[in-house]
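**Q** I am attaching a structure below and will ask some questions about it afterwards.
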Amino acid sequence: MEVEIAEKYVTEHLVQKELAKLKSSGVVKLQPALLQTVFYVLLTEEIADIVKKYKLPLIDFKSLNRAVINQVKVHAKELF
């Protein structure tokens with residue numbers, strides 16, 4: 001289920017938006033900052049929708065983090 005959540009909510013647009021924010025703020029280490037930021041945004045902005053859609057799921061956040069990292073790598077190939 002974690003992979004399905006990551007595939008649905010980690011989009012090209014989200015990754016590019018967060019990457020642009022990080023570049024404009026002058027972050028030196030873009031890769032770890034982007035991975036952390038996308039995971040944080042997913043949890044803070046989309047968690048209510050995830051809980052509603054999947055009807056109170058039991059989520060393994062470690063697996064979700066790994067799935068988010070894989071999706072970020074797919075959408076930000078220029079960094080990885």
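Letters A, B, ... go to the chains of the structure tokens in the order shown; residues in each chain start at 1; ligands are counted from 1 in the same order.
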Skipping near chain neighbours, those fewer than 4 positions away, what residues fall within 9 Å of segment 61-71 of chain A using only C-alpha atoms, listed as a PDB file with N, CA and C atoms, in the first residue's frame?
**A**
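Generated output (out06.pdb):
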```
ATOM      1  N   MET A   1       0.821  -1.192   0.000  1.00  0.00           N
ATOM      2  CA  MET A   1       0.000   0.000   0.000  1.00  0.00           C
ATOM      3  C   MET A   1       0.870   1.263   0.000  1.00  0.00           C
ATOM      4  N   GLU A   2       2.025   1.223   0.667  1.00  0.00           N
ATOM      5  CA  GLU A   2       2.894   2.388   0.731  1.00  0.00           C
ATOM      6  C   GLU A   2       3.387   2.792  -0.655  1.00  0.00           C
ATOM      7  N   VAL A   3       3.711   1.800  -1.480  1.00  0.00           N
ATOM      8  CA  VAL A   3       4.170   2.082  -2.842  1.00  0.00           C
ATOM      9  C   VAL A   3       3.042   2.734  -3.639  1.00  0.00           C
ATOM     10  N   GLU A   4       1.844   2.243  -3.477  1.00  0.00           N
ATOM     11  CA  GLU A   4       0.678   2.810  -4.174  1.00  0.00           C
ATOM     12  C   GLU A   4       0.453   4.267  -3.757  1.00  0.00           C
ATOM     13  N   ILE A   5       0.587   4.551  -2.481  1.00  0.00           N
ATOM     14  CA  ILE A   5       0.428   5.922  -1.983  1.00  0.00           C
ATOM     15  C   ILE A   5       1.497   6.824  -2.581  1.00  0.00           C
ATOM     16  N   ALA A   6       2.740   6.359  -2.582  1.00  0.00           N
ATOM     17  CA  ALA A   6       3.830   7.162  -3.132  1.00  0.00           C
ATOM     18  C   ALA A   6       3.636   7.415  -4.619  1.00  0.00           C
ATOM     19  N   GLU A   7       3.220   6.406  -5.358  1.00  0.00           N
ATOM     20  CA  GLU A   7       3.004   6.576  -6.795  1.00  0.00           C
ATOM     21  C   GLU A   7       1.885   7.565  -7.088  1.00  0.00           C
ATOM     22  N   TYR A   9       0.712  10.115  -4.973  1.00  0.00           N
ATOM     23  CA  TYR A   9       0.845  11.466  -4.425  1.00  0.00           C
ATOM     24  C   TYR A   9       2.180  12.149  -4.715  1.00  0.00           C
ATOM     25  N   VAL A  10       3.229  11.399  -5.032  1.00  0.00           N
ATOM     26  CA  VAL A  10       4.510  12.019  -5.387  1.00  0.00           C
ATOM     27  C   VAL A  10       4.535  12.168  -6.894  1.00  0.00           C
ATOM     28  N   THR A  11       4.174  13.359  -7.346  1.00  0.00           N
ATOM     29  CA  THR A  11       4.054  13.625  -8.778  1.00  0.00           C
ATOM     30  C   THR A  11       5.254  14.411  -9.282  1.00  0.00           C
ATOM     31  N   GLU A  12       5.379  14.455 -10.575  1.00  0.00           N
ATOM     32  CA  GLU A  12       6.433  15.255 -11.225  1.00  0.00           C
ATOM     33  C   GLU A  12       6.322  16.712 -10.800  1.00  0.00           C
ATOM     34  N   LEU A  35      14.695  14.919  -0.842  1.00  0.00           N
ATOM     35  CA  LEU A  35      14.063  13.688  -0.346  1.00  0.00           C
ATOM     36  C   LEU A  35      13.302  13.959   0.947  1.00  0.00           C
ATOM     37  N   GLN A  36      13.929  14.682   1.854  1.00  0.00           N
ATOM     38  CA  GLN A  36      13.292  15.005   3.137  1.00  0.00           C
ATOM     39  C   GLN A  36      12.078  15.911   2.950  1.00  0.00           C
ATOM     40  N   VAL A  38      10.116  16.418   0.263  1.00  0.00           N
ATOM     41  CA  VAL A  38       8.984  15.778  -0.414  1.00  0.00           C
ATOM     42  C   VAL A  38       8.244  14.853   0.553  1.00  0.00           C
ATOM     43  N   PHE A  39       8.963  14.104   1.360  1.00  0.00           N
ATOM     44  CA  PHE A  39       8.324  13.229   2.345  1.00  0.00           C
ATOM     45  C   PHE A  39       7.540  14.058   3.356  1.00  0.00           C
ATOM     46  N   LEU A  42       4.395  15.479   1.729  1.00  0.00           N
ATOM     47  CA  LEU A  42       3.411  14.410   1.565  1.00  0.00           C
ATOM     48  C   LEU A  42       2.658  14.179   2.873  1.00  0.00           C
ATOM     49  N   HIS A  75      11.321  10.992 -10.695  1.00  0.00           N
ATOM     50  CA  HIS A  75      10.900  12.286 -11.210  1.00  0.00           C
ATOM     51  C   HIS A  75      12.009  13.328 -11.262  1.00  0.00           C
ATOM     52  N   ALA A  76      13.114  13.117 -10.566  1.00  0.00           N
ATOM     53  CA  ALA A  76      14.225  14.073 -10.575  1.00  0.00           C
ATOM     54  C   ALA A  76      15.484  13.352 -11.031  1.00  0.00           C
TER      55      ALA A  76
END
```
**Q** When you draw a straight line from atom CA of Val15 of chain A to atom CA of Val72 of chain A, how long is it in Å?
**A**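 Between atom CA of Val15 of chain A and atom CA of Val72 of chain A the gap works out to 6.5 Å.
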**Q** For atom CA of Lys29 of chain A and atom CA of Asp60 of chain A, quote the distance in Å rounded to one decimal.
**A** 27.1 Å
**Q** Could you pull out the helix (DSSP H, G or I) residues of chain A from DSSP and send them as a PyMOL selection string?
**A** chain A and resi 2-9+12-25+30-53+61-75
**Q** What is the distance, in Å and to one decimal place, between atom CA of Pro32 of chain A and atom CA of Ile59 of chain A?
**A**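 Here the two named atoms are 22.7 Å from each other.
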**Q** Taking into account only C-alpha atoms, which residue in the set A:Leu14, A:Gln31, A:Lys8, A:Ser24 is nearest to Lys77 of chain A?
**A**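 Looking at the shortest contact to Lys77 of chain A, the residue is A:Gln31.
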**Q** Give me the residues within 12 Å of Val28 of chain A as a list of chain:residue names, counting only C-alpha atoms and dropping any in the same chain fewer than 6 places off.
**A**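 The residues that qualify are A:Leu19, A:Leu22, A:Leu34.
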**Q** Hey, can you spit out that residue selection with C-alpha atoms as a short mmCIF file (atom, residue, chain, number, x, y, z; two decimals), in the first residue's frame?
**A**
```cif
data_model
loop_
_atom_site.label_atom_id
_atom_site.label_comp_id
_atom_site.auth_asym_id
_atom_site.auth_seq_id
_atom_site.Cartn_x
_atom_site.Cartn_y
_atom_site.Cartn_z
CA LEU A 19 13.28 21.38 -6.14
CA LEU A 22 15.27 24.51 -2.60
CA LEU A 34 14.71 17.20 -1.67
#
```
**Q** When distances are computed from only C-alpha atoms, which of A:Thr44, A:Glu18, A:Leu30, A:Val51 shows the smallest separation from Phe80 of chain A?
**A**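 Selected residue with least distance to Phe80 of chain A: A:Leu30.
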